[in-house]
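Notes for the one structure printed next.
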Amino acid sequence: MKLNYVASFISGLLFGAGLVVSGMANPQRVRGFLDIGGAFDPTLAFVMMGALLIMALAWRTQKKLSHPLFSTSFEIPKTMPVDWRLISGAILFGVGWGLAGLCPGPALVGLVLAPKKAILFVGAMILGMGLYRWVEQRLFSKSLNQN
Amino acid sequence: MMEIWNRAQPLQGFTGGMMIGAACALMLVLLGRIAGVSGLLARALKLTYPPALDLLALVFILGLPLGGLFINQIIGSVEVIYPNEDLILISAGLLVGFGARLGSGCTSGHGVCGLSRLSLRSIFATGIFMLSGFATVALMRSLGLSS
């Protein structure tokens, strides 16, 4: 078995475990964070602090590496301007996040913790991703063909 | 004010957050990849344009719920409260899936990996989806809708 698959699997395991430990697998707690006028729950802010602390260190380490330990090159998004797609995507995402208190990671963990409910969200989320690809294909296939 | 801190779980949140950060750090330092769950899910399911098979992404996506299940067995079943209305779950899922792809990321990709790198796009995306989430929950409250 190749080491890079093992690393990706372990990373997924750790991510899922972290979501459960942090309480973020519970949509009610996430919604509580977004409910500043009501039953506000600040836990998500502590989750962000913990995650950002470790990742800030990871980016510092990354700068010192010429390539990832198990791979030949870094696949990191290039610096691009803030555009209407980013802004409208974030708005739509936020509406969905607020409606249910779910984002992609916790929803996938939900498939094992609350399968009957989570499957509805995850199914619709995959459909939404497919719908986006359909739109993307129609919007951008022309410009790709010209290249 | 006191009741807020009765609800909150700052220590669990911070610990789980560090686990999530460590998972993202492994992906970056070992594999050179961004641990954004929406992007990895789309790649695992070939919902990208152009479509391409991404086994590393698939392995991560399989690990995520298993890690959640495993830790849930160890620390005892955590509380998971989902919205009652199926229609809310489905519409939220559609918005989250479409919005995350349009906006090039979700809570993990922008909120953890991008913010910690001080990416301008991620700072904008995270700020916007949080505001959009706050507004959605506030609007639902004023309309007397609970999730």
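In the structure tokens, each chain is lettered A, B, ... as it comes, each chain's residues begin at 1, and ligands are numbered from 1 in order of appearance.
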List every residue of stretch 91-141 of chain A that has an atom at most 7 Å from any atom of stretch 116-132 of chain B, and for each one report the closest atom pair and its distance in Å to one decimal, counting only C-alpha atoms, with rows sorted by chain and then by increasing residue number, as a Markdown table.
```
| residue | atom | partner | partner_atom | distance |
| --- | --- | --- | --- | --- |
| A:Ile91 | CA | B:Phe129 | CA | 5.4 |
| A:Phe93 | CA | B:Phe129 | CA | 6.2 |
| A:Gly94 | CA | B:Phe129 | CA | 4.1 |
| A:Val95 | CA | B:Ser132 | CA | 5.7 |
```
With N, CA and C atoms retained, export the selected residues as an mmCIF file, in the first residue's frame.
```cif
data_model
loop_
_atom_site.group_PDB
_atom_site.id
_atom_site.type_symbol
_atom_site.label_atom_id
_atom_site.label_comp_id
_atom_site.auth_asym_id
_atom_site.auth_seq_id
_atom_site.Cartn_x
_atom_site.Cartn_y
_atom_site.Cartn_z
ATOM 1 N N ILE A 91 -22.124 33.642 -0.149
ATOM 2 C CA ILE A 91 -23.454 34.044 0.342
ATOM 3 C C ILE A 91 -24.395 32.833 0.364
ATOM 4 N N PHE A 93 -23.644 29.645 0.319
ATOM 5 C CA PHE A 93 -23.146 28.681 1.291
ATOM 6 C C PHE A 93 -23.594 29.060 2.705
ATOM 7 N N GLY A 94 -23.458 30.350 3.031
ATOM 8 C CA GLY A 94 -23.831 30.830 4.358
ATOM 9 C C GLY A 94 -25.313 30.651 4.658
ATOM 10 N N VAL A 95 -26.159 30.840 3.639
ATOM 11 C CA VAL A 95 -27.609 30.649 3.842
ATOM 12 C C VAL A 95 -27.880 29.181 4.193
#
```
Leaving out B:Ile71 and any residue of its chain fewer than 2 positions from it, which residues lie within 10 Å of it when counting only C-alpha atoms, given as number ranges by chain? A: 13-14, 16-21; B: 66-69, 73-78
Which residues are near B:Leu89? Cut-off 7 Å, only C-alpha atoms, ignore same chain within fewer than 3 positions. Put them as a ChimeraX atom specification. /A:100,120-121 /B:83,85-86,92-93
Can you pull out every residue within 12 Å of A:Val135, counting only C-alpha atoms, but drop anything in the same chain fewer than 6 positions away, and send it as a CSV table (one decimal) with N, CA and C atoms, in the first residue's frame?
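This is the output file result.csv:
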```csv
chain,number,residue,atom,x,y,z
A,128,GLY,N,-26.3,19.5,-5.5
A,128,GLY,CA,-25.9,20.9,-5.7
A,128,GLY,C,-24.5,21.0,-6.3
A,129,MET,N,-23.6,20.1,-5.9
A,129,MET,CA,-22.3,20.1,-6.5
A,129,MET,C,-22.4,19.7,-8.0
A,141,SER,N,-17.1,26.0,-21.0
A,141,SER,CA,-16.6,25.1,-22.0
A,141,SER,C,-16.1,25.8,-23.3
B,47,LEU,N,-17.0,15.0,-9.5
B,47,LEU,CA,-17.9,16.1,-9.8
B,47,LEU,C,-17.2,17.4,-10.1
B,48,THR,N,-16.1,17.3,-10.8
B,48,THR,CA,-15.3,18.5,-11.2
B,48,THR,C,-15.3,18.6,-12.7
B,49,TYR,N,-14.9,19.8,-13.1
B,49,TYR,CA,-14.9,20.0,-14.6
B,49,TYR,C,-13.5,20.5,-15.0
B,98,PHE,N,-23.9,23.7,-3.8
B,98,PHE,CA,-23.7,24.6,-5.0
B,98,PHE,C,-22.8,25.8,-4.6
B,101,ARG,N,-19.0,25.0,-4.1
B,101,ARG,CA,-18.3,24.9,-5.4
B,101,ARG,C,-18.1,26.2,-6.1
B,102,LEU,N,-19.2,27.0,-6.1
B,102,LEU,CA,-19.1,28.3,-6.8
B,102,LEU,C,-18.1,29.2,-6.1
```
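Non-sequential neighbours of B:Leu53 (distance at most 8 Å, separation of 2 or more positions within a chain, only C-alpha atoms) are Arg43, Ala44, Leu45, Lys46, Pro51 and Leu55 of chain B.
Pairwise distance (atom CA of B:Val137, atom CA of A:Leu34) equals 6.5 Å.
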Could you pull the residues within 9 Å of stretch 21-28 of chain B, counting only C-alpha atoms, minus those fewer than 2 positions along the same chain, as a PDB file with all heavy atoms, in the first residue's frame?
```pdb
ATOM      1  N   ALA A   7      -1.619   8.192   4.417  1.00  0.00           N
ATOM      2  CA  ALA A   7      -1.601   9.533   5.014  1.00  0.00           C
ATOM      3  C   ALA A   7      -2.943  10.235   4.814  1.00  0.00           C
ATOM      4  O   ALA A   7      -3.469  10.863   5.738  1.00  0.00           O
ATOM      5  CB  ALA A   7      -0.477  10.362   4.396  1.00  0.00           C
ATOM      6  N   SER A   8      -3.507  10.120   3.613  1.00  0.00           N
ATOM      7  CA  SER A   8      -4.782  10.767   3.334  1.00  0.00           C
ATOM      8  C   SER A   8      -5.903  10.161   4.185  1.00  0.00           C
ATOM      9  O   SER A   8      -6.765  10.877   4.704  1.00  0.00           O
ATOM     10  CB  SER A   8      -5.105  10.630   1.845  1.00  0.00           C
ATOM     11  OG  SER A   8      -6.240  11.375   1.521  1.00  0.00           O
ATOM     12  N   ILE A  10      -5.560   8.605   7.142  1.00  0.00           N
ATOM     13  CA  ILE A  10      -5.356   9.007   8.538  1.00  0.00           C
ATOM     14  C   ILE A  10      -5.795  10.456   8.743  1.00  0.00           C
ATOM     15  O   ILE A  10      -6.427  10.788   9.747  1.00  0.00           O
ATOM     16  CB  ILE A  10      -3.877   8.795   8.942  1.00  0.00           C
ATOM     17  CG1 ILE A  10      -3.594   7.297   9.053  1.00  0.00           C
ATOM     18  CG2 ILE A  10      -3.571   9.501  10.272  1.00  0.00           C
ATOM     19  CD1 ILE A  10      -2.156   6.937   9.313  1.00  0.00           C
ATOM     20  N   SER A  11      -5.500  11.305   7.762  1.00  0.00           N
ATOM     21  CA  SER A  11      -5.935  12.692   7.848  1.00  0.00           C
ATOM     22  C   SER A  11      -7.464  12.785   7.907  1.00  0.00           C
ATOM     23  O   SER A  11      -8.021  13.540   8.709  1.00  0.00           O
ATOM     24  CB  SER A  11      -5.384  13.470   6.664  1.00  0.00           C
ATOM     25  OG  SER A  11      -5.908  14.762   6.646  1.00  0.00           O
ATOM     26  N   GLY A  12      -8.134  11.990   7.066  1.00  0.00           N
ATOM     27  CA  GLY A  12      -9.602  11.955   7.090  1.00  0.00           C
ATOM     28  C   GLY A  12     -10.130  11.476   8.440  1.00  0.00           C
ATOM     29  O   GLY A  12     -11.059  12.060   8.996  1.00  0.00           O
ATOM     30  N   LEU A  13      -9.528  10.414   8.977  1.00  0.00           N
ATOM     31  CA  LEU A  13      -9.928   9.889  10.293  1.00  0.00           C
ATOM     32  C   LEU A  13      -9.801  10.960  11.374  1.00  0.00           C
ATOM     33  O   LEU A  13     -10.711  11.175  12.175  1.00  0.00           O
ATOM     34  CB  LEU A  13      -9.033   8.703  10.689  1.00  0.00           C
ATOM     35  CG  LEU A  13      -9.197   7.355   9.996  1.00  0.00           C
ATOM     36  CD1 LEU A  13      -8.132   6.374  10.501  1.00  0.00           C
ATOM     37  CD2 LEU A  13     -10.589   6.774  10.243  1.00  0.00           C
ATOM     38  N   LEU A  14      -8.649  11.641  11.367  1.00  0.00           N
ATOM     39  CA  LEU A  14      -8.364  12.662  12.378  1.00  0.00           C
ATOM     40  C   LEU A  14      -9.317  13.847  12.258  1.00  0.00           C
ATOM     41  O   LEU A  14      -9.802  14.380  13.259  1.00  0.00           O
ATOM     42  CB  LEU A  14      -6.906  13.115  12.203  1.00  0.00           C
ATOM     43  CG  LEU A  14      -6.280  13.971  13.303  1.00  0.00           C
ATOM     44  CD1 LEU A  14      -6.343  13.272  14.648  1.00  0.00           C
ATOM     45  CD2 LEU A  14      -4.818  14.290  12.947  1.00  0.00           C
ATOM     46  N   PHE A  15      -9.622  14.211  11.017  1.00  0.00           N
ATOM     47  CA  PHE A  15     -10.550  15.313  10.761  1.00  0.00           C
ATOM     48  C   PHE A  15     -11.926  14.968  11.328  1.00  0.00           C
ATOM     49  O   PHE A  15     -12.540  15.760  12.061  1.00  0.00           O
ATOM     50  CB  PHE A  15     -10.629  15.592   9.258  1.00  0.00           C
ATOM     51  CG  PHE A  15     -11.151  16.951   8.901  1.00  0.00           C
ATOM     52  CD1 PHE A  15     -10.327  17.891   8.280  1.00  0.00           C
ATOM     53  CD2 PHE A  15     -12.463  17.301   9.167  1.00  0.00           C
ATOM     54  CE1 PHE A  15     -10.803  19.156   7.949  1.00  0.00           C
ATOM     55  CE2 PHE A  15     -12.951  18.572   8.833  1.00  0.00           C
ATOM     56  CZ  PHE A  15     -12.110  19.491   8.219  1.00  0.00           C
ATOM     57  N   GLY A  18     -11.909  14.907  15.097  1.00  0.00           N
ATOM     58  CA  GLY A  18     -11.871  16.279  15.608  1.00  0.00           C
ATOM     59  C   GLY A  18     -13.237  16.950  15.572  1.00  0.00           C
ATOM     60  O   GLY A  18     -13.604  17.682  16.485  1.00  0.00           O
ATOM     61  N   MET A  48     -12.118  27.125  15.912  1.00  0.00           N
ATOM     62  CA  MET A  48     -11.347  27.865  14.917  1.00  0.00           C
ATOM     63  C   MET A  48      -9.965  28.235  15.460  1.00  0.00           C
ATOM     64  O   MET A  48      -8.959  28.122  14.762  1.00  0.00           O
ATOM     65  CB  MET A  48     -12.093  29.135  14.501  1.00  0.00           C
ATOM     66  CG  MET A  48     -13.327  28.888  13.665  1.00  0.00           C
ATOM     67  SD  MET A  48     -12.938  28.175  12.057  1.00  0.00           S
ATOM     68  CE  MET A  48     -12.211  29.587  11.235  1.00  0.00           C
ATOM     69  N   GLY A  50      -8.159  26.671  17.736  1.00  0.00           N
ATOM     70  CA  GLY A  50      -7.312  25.472  17.778  1.00  0.00           C
ATOM     71  C   GLY A  50      -6.820  25.087  16.399  1.00  0.00           C
ATOM     72  O   GLY A  50      -5.628  24.805  16.192  1.00  0.00           O
ATOM     73  N   ALA A  51      -7.733  25.100  15.425  1.00  0.00           N
ATOM     74  CA  ALA A  51      -7.388  24.677  14.065  1.00  0.00           C
ATOM     75  C   ALA A  51      -6.424  25.677  13.414  1.00  0.00           C
ATOM     76  O   ALA A  51      -5.442  25.284  12.787  1.00  0.00           O
ATOM     77  CB  ALA A  51      -8.658  24.537  13.226  1.00  0.00           C
ATOM     78  N   LEU A  52      -6.690  26.971  13.603  1.00  0.00           N
ATOM     79  CA  LEU A  52      -5.839  27.993  12.978  1.00  0.00           C
ATOM     80  C   LEU A  52      -4.437  27.999  13.576  1.00  0.00           C
ATOM     81  O   LEU A  52      -3.450  28.201  12.872  1.00  0.00           O
ATOM     82  CB  LEU A  52      -6.487  29.379  13.108  1.00  0.00           C
ATOM     83  CG  LEU A  52      -7.740  29.583  12.256  1.00  0.00           C
ATOM     84  CD1 LEU A  52      -8.384  30.943  12.548  1.00  0.00           C
ATOM     85  CD2 LEU A  52      -7.415  29.469  10.767  1.00  0.00           C
ATOM     86  N   LEU A  53      -4.359  27.733  14.871  1.00  0.00           N
ATOM     87  CA  LEU A  53      -3.051  27.687  15.540  1.00  0.00           C
ATOM     88  C   LEU A  53      -2.160  26.619  14.892  1.00  0.00           C
ATOM     89  O   LEU A  53      -1.020  26.885  14.501  1.00  0.00           O
ATOM     90  CB  LEU A  53      -3.256  27.371  17.029  1.00  0.00           C
ATOM     91  CG  LEU A  53      -1.994  27.202  17.860  1.00  0.00           C
ATOM     92  CD1 LEU A  53      -1.351  28.563  18.117  1.00  0.00           C
ATOM     93  CD2 LEU A  53      -2.288  26.512  19.192  1.00  0.00           C
ATOM     94  N   ILE A  54      -2.705  25.404  14.742  1.00  0.00           N
ATOM     95  CA  ILE A  54      -1.914  24.308  14.168  1.00  0.00           C
ATOM     96  C   ILE A  54      -1.599  24.586  12.700  1.00  0.00           C
ATOM     97  O   ILE A  54      -0.482  24.362  12.226  1.00  0.00           O
ATOM     98  CB  ILE A  54      -2.671  22.960  14.295  1.00  0.00           C
ATOM     99  CG1 ILE A  54      -3.009  22.647  15.759  1.00  0.00           C
ATOM    100  CG2 ILE A  54      -1.872  21.816  13.663  1.00  0.00           C
ATOM    101  CD1 ILE A  54      -1.827  22.342  16.636  1.00  0.00           C
ATOM    102  N   MET A  55      -2.598  25.096  11.962  1.00  0.00           N
ATOM    103  CA  MET A  55      -2.379  25.316  10.532  1.00  0.00           C
ATOM    104  C   MET A  55      -1.415  26.479  10.257  1.00  0.00           C
ATOM    105  O   MET A  55      -0.683  26.463   9.262  1.00  0.00           O
ATOM    106  CB  MET A  55      -3.714  25.552   9.817  1.00  0.00           C
ATOM    107  CG  MET A  55      -4.317  24.302   9.229  1.00  0.00           C
ATOM    108  SD  MET A  55      -3.144  23.325   8.242  1.00  0.00           S
ATOM    109  CE  MET A  55      -3.182  24.196   6.678  1.00  0.00           C
ATOM    110  N   ALA A  56      -1.384  27.468  11.138  1.00  0.00           N
ATOM    111  CA  ALA A  56      -0.420  28.559  10.958  1.00  0.00           C
ATOM    112  C   ALA A  56       1.003  27.997  11.056  1.00  0.00           C
ATOM    113  O   ALA A  56       1.889  28.365  10.281  1.00  0.00           O
ATOM    114  CB  ALA A  56      -0.655  29.646  12.001  1.00  0.00           C
ATOM    115  N   LEU A  57       1.193  27.055  11.997  1.00  0.00           N
ATOM    116  CA  LEU A  57       2.501  26.396  12.125  1.00  0.00           C
ATOM    117  C   LEU A  57       2.803  25.560  10.888  1.00  0.00           C
ATOM    118  O   LEU A  57       3.935  25.523  10.405  1.00  0.00           O
ATOM    119  CB  LEU A  57       2.534  25.503  13.379  1.00  0.00           C
ATOM    120  CG  LEU A  57       2.400  26.225  14.722  1.00  0.00           C
ATOM    121  CD1 LEU A  57       2.245  25.223  15.866  1.00  0.00           C
ATOM    122  CD2 LEU A  57       3.619  27.123  14.961  1.00  0.00           C
ATOM    123  N   ALA A  58       1.771  24.886  10.362  1.00  0.00           N
ATOM    124  CA  ALA A  58       1.961  24.033   9.186  1.00  0.00           C
ATOM    125  C   ALA A  58       2.391  24.862   7.970  1.00  0.00           C
ATOM    126  O   ALA A  58       3.251  24.439   7.203  1.00  0.00           O
ATOM    127  CB  ALA A  58       0.676  23.270   8.872  1.00  0.00           C
ATOM    128  N   TRP A  59       1.802  26.051   7.796  1.00  0.00           N
ATOM    129  CA  TRP A  59       2.195  26.907   6.666  1.00  0.00           C
ATOM    130  C   TRP A  59       3.634  27.378   6.798  1.00  0.00           C
ATOM    131  O   TRP A  59       4.359  27.513   5.807  1.00  0.00           O
ATOM    132  CB  TRP A  59       1.260  28.112   6.527  1.00  0.00           C
ATOM    133  CG  TRP A  59      -0.064  27.782   5.893  1.00  0.00           C
ATOM    134  CD1 TRP A  59      -1.297  27.826   6.487  1.00  0.00           C
ATOM    135  CD2 TRP A  59      -0.294  27.350   4.542  1.00  0.00           C
ATOM    136  NE1 TRP A  59      -2.268  27.448   5.601  1.00  0.00           N
ATOM    137  CE2 TRP A  59      -1.690  27.149   4.395  1.00  0.00           C
ATOM    138  CE3 TRP A  59       0.532  27.108   3.447  1.00  0.00           C
ATOM    139  CZ2 TRP A  59      -2.271  26.726   3.205  1.00  0.00           C
ATOM    140  CZ3 TRP A  59      -0.046  26.684   2.254  1.00  0.00           C
ATOM    141  CH2 TRP A  59      -1.430  26.497   2.145  1.00  0.00           C
ATOM    142  N   GLN A  62       5.643  24.507   5.721  1.00  0.00           N
ATOM    143  CA  GLN A  62       5.519  24.329   4.272  1.00  0.00           C
ATOM    144  C   GLN A  62       6.497  25.239   3.518  1.00  0.00           C
ATOM    145  O   GLN A  62       7.079  24.825   2.515  1.00  0.00           O
ATOM    146  CB  GLN A  62       4.071  24.621   3.862  1.00  0.00           C
ATOM    147  CG  GLN A  62       3.755  24.347   2.397  1.00  0.00           C
ATOM    148  CD  GLN A  62       3.869  25.585   1.533  1.00  0.00           C
ATOM    149  OE1 GLN A  62       3.767  26.711   2.006  1.00  0.00           O
ATOM    150  NE2 GLN A  62       4.099  25.375   0.240  1.00  0.00           N
ATOM    151  N   PRO A  68       6.322  18.351  -0.784  1.00  0.00           N
ATOM    152  CA  PRO A  68       5.709  17.621   0.327  1.00  0.00           C
ATOM    153  C   PRO A  68       6.471  16.313   0.580  1.00  0.00           C
ATOM    154  O   PRO A  68       7.074  15.767  -0.346  1.00  0.00           O
ATOM    155  CB  PRO A  68       4.283  17.324  -0.156  1.00  0.00           C
ATOM    156  CG  PRO A  68       4.073  18.159  -1.364  1.00  0.00           C
ATOM    157  CD  PRO A  68       5.414  18.479  -1.929  1.00  0.00           C
ATOM    158  N   PHE A  74       3.659  20.783  -4.381  1.00  0.00           N
ATOM    159  CA  PHE A  74       2.516  21.322  -3.645  1.00  0.00           C
ATOM    160  C   PHE A  74       1.415  21.725  -4.611  1.00  0.00           C
ATOM    161  O   PHE A  74       1.687  22.355  -5.626  1.00  0.00           O
ATOM    162  CB  PHE A  74       2.947  22.543  -2.816  1.00  0.00           C
ATOM    163  CG  PHE A  74       3.725  22.189  -1.592  1.00  0.00           C
ATOM    164  CD1 PHE A  74       5.108  22.317  -1.580  1.00  0.00           C
ATOM    165  CD2 PHE A  74       3.089  21.708  -0.461  1.00  0.00           C
ATOM    166  CE1 PHE A  74       5.845  21.978  -0.447  1.00  0.00           C
ATOM    167  CE2 PHE A  74       3.816  21.364   0.675  1.00  0.00           C
ATOM    168  CZ  PHE A  74       5.192  21.503   0.681  1.00  0.00           C
ATOM    169  N   GLU A  75       0.185  21.323  -4.311  1.00  0.00           N
ATOM    170  CA  GLU A  75      -0.973  21.744  -5.117  1.00  0.00           C
ATOM    171  C   GLU A  75      -1.736  22.792  -4.337  1.00  0.00           C
ATOM    172  O   GLU A  75      -2.703  22.496  -3.651  1.00  0.00           O
ATOM    173  CB  GLU A  75      -1.896  20.551  -5.393  1.00  0.00           C
ATOM    174  CG  GLU A  75      -1.300  19.503  -6.304  1.00  0.00           C
ATOM    175  CD  GLU A  75      -2.186  18.268  -6.378  1.00  0.00           C
ATOM    176  OE1 GLU A  75      -3.406  18.408  -6.556  1.00  0.00           O
ATOM    177  OE2 GLU A  75      -1.651  17.165  -6.217  1.00  0.00           O
ATOM    178  N   ILE A  76      -1.247  24.020  -4.416  1.00  0.00           N
ATOM    179  CA  ILE A  76      -1.828  25.088  -3.612  1.00  0.00           C
ATOM    180  C   ILE A  76      -2.436  26.135  -4.549  1.00  0.00           C
ATOM    181  O   ILE A  76      -1.826  26.490  -5.561  1.00  0.00           O
ATOM    182  CB  ILE A  76      -0.744  25.697  -2.703  1.00  0.00           C
ATOM    183  CG1 ILE A  76      -0.396  24.674  -1.616  1.00  0.00           C
ATOM    184  CG2 ILE A  76      -1.202  26.995  -2.074  1.00  0.00           C
ATOM    185  CD1 ILE A  76       0.904  24.916  -0.943  1.00  0.00           C
TER     186      ILE A  76
ATOM    187  N   GLY B  16     -10.679  19.638  19.840  1.00  0.00           N
ATOM    188  CA  GLY B  16     -11.151  19.131  18.548  1.00  0.00           C
ATOM    189  C   GLY B  16     -10.650  19.993  17.403  1.00  0.00           C
ATOM    190  O   GLY B  16     -10.298  19.489  16.337  1.00  0.00           O
ATOM    191  N   GLY B  17     -10.586  21.296  17.636  1.00  0.00           N
ATOM    192  CA  GLY B  17     -10.082  22.215  16.630  1.00  0.00           C
ATOM    193  C   GLY B  17      -8.625  21.916  16.294  1.00  0.00           C
ATOM    194  O   GLY B  17      -8.234  21.935  15.119  1.00  0.00           O
ATOM    195  N   MET B  18      -7.836  21.604  17.320  1.00  0.00           N
ATOM    196  CA  MET B  18      -6.429  21.263  17.062  1.00  0.00           C
ATOM    197  C   MET B  18      -6.322  19.950  16.270  1.00  0.00           C
ATOM    198  O   MET B  18      -5.434  19.796  15.437  1.00  0.00           O
ATOM    199  CB  MET B  18      -5.651  21.165  18.374  1.00  0.00           C
ATOM    200  CG  MET B  18      -5.406  22.535  18.997  1.00  0.00           C
ATOM    201  SD  MET B  18      -3.988  22.575  20.122  1.00  0.00           S
ATOM    202  CE  MET B  18      -4.554  21.513  21.407  1.00  0.00           C
ATOM    203  N   MET B  19      -7.242  19.018  16.532  1.00  0.00           N
ATOM    204  CA  MET B  19      -7.245  17.767  15.759  1.00  0.00           C
ATOM    205  C   MET B  19      -7.563  18.053  14.288  1.00  0.00           C
ATOM    206  O   MET B  19      -6.944  17.496  13.378  1.00  0.00           O
ATOM    207  CB  MET B  19      -8.258  16.773  16.356  1.00  0.00           C
ATOM    208  CG  MET B  19      -7.868  16.256  17.724  1.00  0.00           C
ATOM    209  SD  MET B  19      -9.229  15.412  18.575  1.00  0.00           S
ATOM    210  CE  MET B  19      -9.315  13.879  17.649  1.00  0.00           C
ATOM    211  N   LEU B  30       2.506  16.473   4.192  1.00  0.00           N
ATOM    212  CA  LEU B  30       2.837  15.157   3.622  1.00  0.00           C
ATOM    213  C   LEU B  30       2.459  15.059   2.149  1.00  0.00           C
ATOM    214  O   LEU B  30       3.184  14.484   1.354  1.00  0.00           O
ATOM    215  CB  LEU B  30       2.138  14.036   4.401  1.00  0.00           C
ATOM    216  CG  LEU B  30       2.511  13.897   5.879  1.00  0.00           C
ATOM    217  CD1 LEU B  30       1.750  12.742   6.507  1.00  0.00           C
ATOM    218  CD2 LEU B  30       4.016  13.705   6.060  1.00  0.00           C
ATOM    219  N   LEU B  31       1.282  15.617   1.795  1.00  0.00           N
ATOM    220  CA  LEU B  31       0.773  15.402   0.436  1.00  0.00           C
ATOM    221  C   LEU B  31       0.717  16.675  -0.405  1.00  0.00           C
ATOM    222  O   LEU B  31       0.447  16.618  -1.607  1.00  0.00           O
ATOM    223  CB  LEU B  31      -0.620  14.771   0.501  1.00  0.00           C
ATOM    224  CG  LEU B  31      -0.682  13.443   1.265  1.00  0.00           C
ATOM    225  CD1 LEU B  31      -2.112  12.987   1.459  1.00  0.00           C
ATOM    226  CD2 LEU B  31       0.114  12.377   0.536  1.00  0.00           C
ATOM    227  N   GLY B  32       0.938  17.812   0.233  1.00  0.00           N
ATOM    228  CA  GLY B  32       0.926  19.074  -0.504  1.00  0.00           C
ATOM    229  C   GLY B  32      -0.456  19.507  -0.936  1.00  0.00           C
ATOM    230  O   GLY B  32      -0.614  20.248  -1.896  1.00  0.00           O
ATOM    231  N   ARG B  33      -1.471  19.046  -0.196  1.00  0.00           N
ATOM    232  CA  ARG B  33      -2.838  19.357  -0.617  1.00  0.00           C
ATOM    233  C   ARG B  33      -3.612  20.128   0.432  1.00  0.00           C
ATOM    234  O   ARG B  33      -3.303  20.072   1.613  1.00  0.00           O
ATOM    235  CB  ARG B  33      -3.578  18.054  -0.960  1.00  0.00           C
ATOM    236  CG  ARG B  33      -2.889  17.346  -2.114  1.00  0.00           C
ATOM    237  CD  ARG B  33      -3.699  16.265  -2.722  1.00  0.00           C
ATOM    238  NE  ARG B  33      -5.067  16.671  -3.013  1.00  0.00           N
ATOM    239  CZ  ARG B  33      -5.846  15.981  -3.831  1.00  0.00           C
ATOM    240  NH1 ARG B  33      -5.385  14.900  -4.433  1.00  0.00           N
ATOM    241  NH2 ARG B  33      -7.080  16.358  -4.051  1.00  0.00           N
ATOM    242  N   ILE B  34      -4.632  20.841  -0.036  1.00  0.00           N
ATOM    243  CA  ILE B  34      -5.508  21.597   0.848  1.00  0.00           C
ATOM    244  C   ILE B  34      -6.635  20.678   1.312  1.00  0.00           C
ATOM    245  O   ILE B  34      -7.323  20.090   0.479  1.00  0.00           O
ATOM    246  CB  ILE B  34      -6.118  22.808   0.098  1.00  0.00           C
ATOM    247  CG1 ILE B  34      -5.019  23.719  -0.454  1.00  0.00           C
ATOM    248  CG2 ILE B  34      -7.075  23.576   0.986  1.00  0.00           C
ATOM    249  CD1 ILE B  34      -4.221  24.458   0.571  1.00  0.00           C
ATOM    250  N   ALA B  35      -6.804  20.556   2.646  1.00  0.00           N
ATOM    251  CA  ALA B  35      -7.866  19.698   3.183  1.00  0.00           C
ATOM    252  C   ALA B  35      -9.178  20.469   3.247  1.00  0.00           C
ATOM    253  O   ALA B  35      -9.697  20.768   4.318  1.00  0.00           O
ATOM    254  CB  ALA B  35      -7.479  19.152   4.551  1.00  0.00           C
ATOM    255  N   GLY B  36      -9.715  20.812   2.076  1.00  0.00           N
ATOM    256  CA  GLY B  36     -11.030  21.430   2.020  1.00  0.00           C
ATOM    257  C   GLY B  36     -12.041  20.330   1.721  1.00  0.00           C
ATOM    258  O   GLY B  36     -11.947  19.666   0.684  1.00  0.00           O
ATOM    259  N   SER B 108     -13.800  24.434   5.908  1.00  0.00           N
ATOM    260  CA  SER B 108     -12.449  23.901   6.102  1.00  0.00           C
ATOM    261  C   SER B 108     -11.447  24.523   5.127  1.00  0.00           C
ATOM    262  O   SER B 108     -10.385  24.986   5.534  1.00  0.00           O
ATOM    263  CB  SER B 108     -12.463  22.376   5.962  1.00  0.00           C
ATOM    264  OG  SER B 108     -13.171  21.986   4.804  1.00  0.00           O
ATOM    265  N   VAL B 112     -10.322  27.319   7.543  1.00  0.00           N
ATOM    266  CA  VAL B 112      -9.154  26.812   8.276  1.00  0.00           C
ATOM    267  C   VAL B 112      -7.873  26.954   7.440  1.00  0.00           C
ATOM    268  O   VAL B 112      -6.933  27.642   7.830  1.00  0.00           O
ATOM    269  CB  VAL B 112      -9.357  25.343   8.727  1.00  0.00           C
ATOM    270  CG1 VAL B 112      -8.094  24.811   9.398  1.00  0.00           C
ATOM    271  CG2 VAL B 112     -10.534  25.244   9.688  1.00  0.00           C
ATOM    272  N   CYS B 113      -7.853  26.303   6.260  1.00  0.00           N
ATOM    273  CA  CYS B 113      -6.611  26.286   5.463  1.00  0.00           C
ATOM    274  C   CYS B 113      -6.283  27.664   4.887  1.00  0.00           C
ATOM    275  O   CYS B 113      -5.134  28.092   4.900  1.00  0.00           O
ATOM    276  CB  CYS B 113      -6.726  25.258   4.341  1.00  0.00           C
ATOM    277  SG  CYS B 113      -6.967  23.578   4.948  1.00  0.00           S
TER     278      CYS B 113
END
```
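Taking only C-alpha atoms into account, A:Cys103 lies nearest to B:Gly111 out of the set B:Gly63, B:Gly144, B:Gly111, B:Pro10.
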What parts of stretch 2-129 of chain B does DSSP call alpha helix (DSSP H)? I'd like the answer as a ChimeraX atom specification. /B:2-7,10-26,37-44,55-75,86-102,120-129
Shortest interatomic distance to B:Ile90 - which of A:Ala114, A:Leu139, A:Val30, A:Ile126, counting only C-alpha atoms: A:Ile126
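The spacing separating atom CA of A:Val109 from atom CA of B:Pro65 amounts to 4.2 Å.
Residue nearest A:Asp35, chosen from B:Phe134, B:Phe14, B:Phe60, B:Trp5 and counting only C-alpha atoms: B:Phe134.
Distance annotation: of A:Pro104, A:Gly38, A:Gly32, A:Gly123, the residue with the minimal separation from B:Gly99 is A:Pro104; atom set is only C-alpha atoms.
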Neighbour list for stretch 115-117 of chain A as a PyMOL selection string, cut-off 7 Å, only C-alpha atoms, skip fewer than 4 positions in-chain: (chain A and resi 110-111) or (chain B and resi 82)
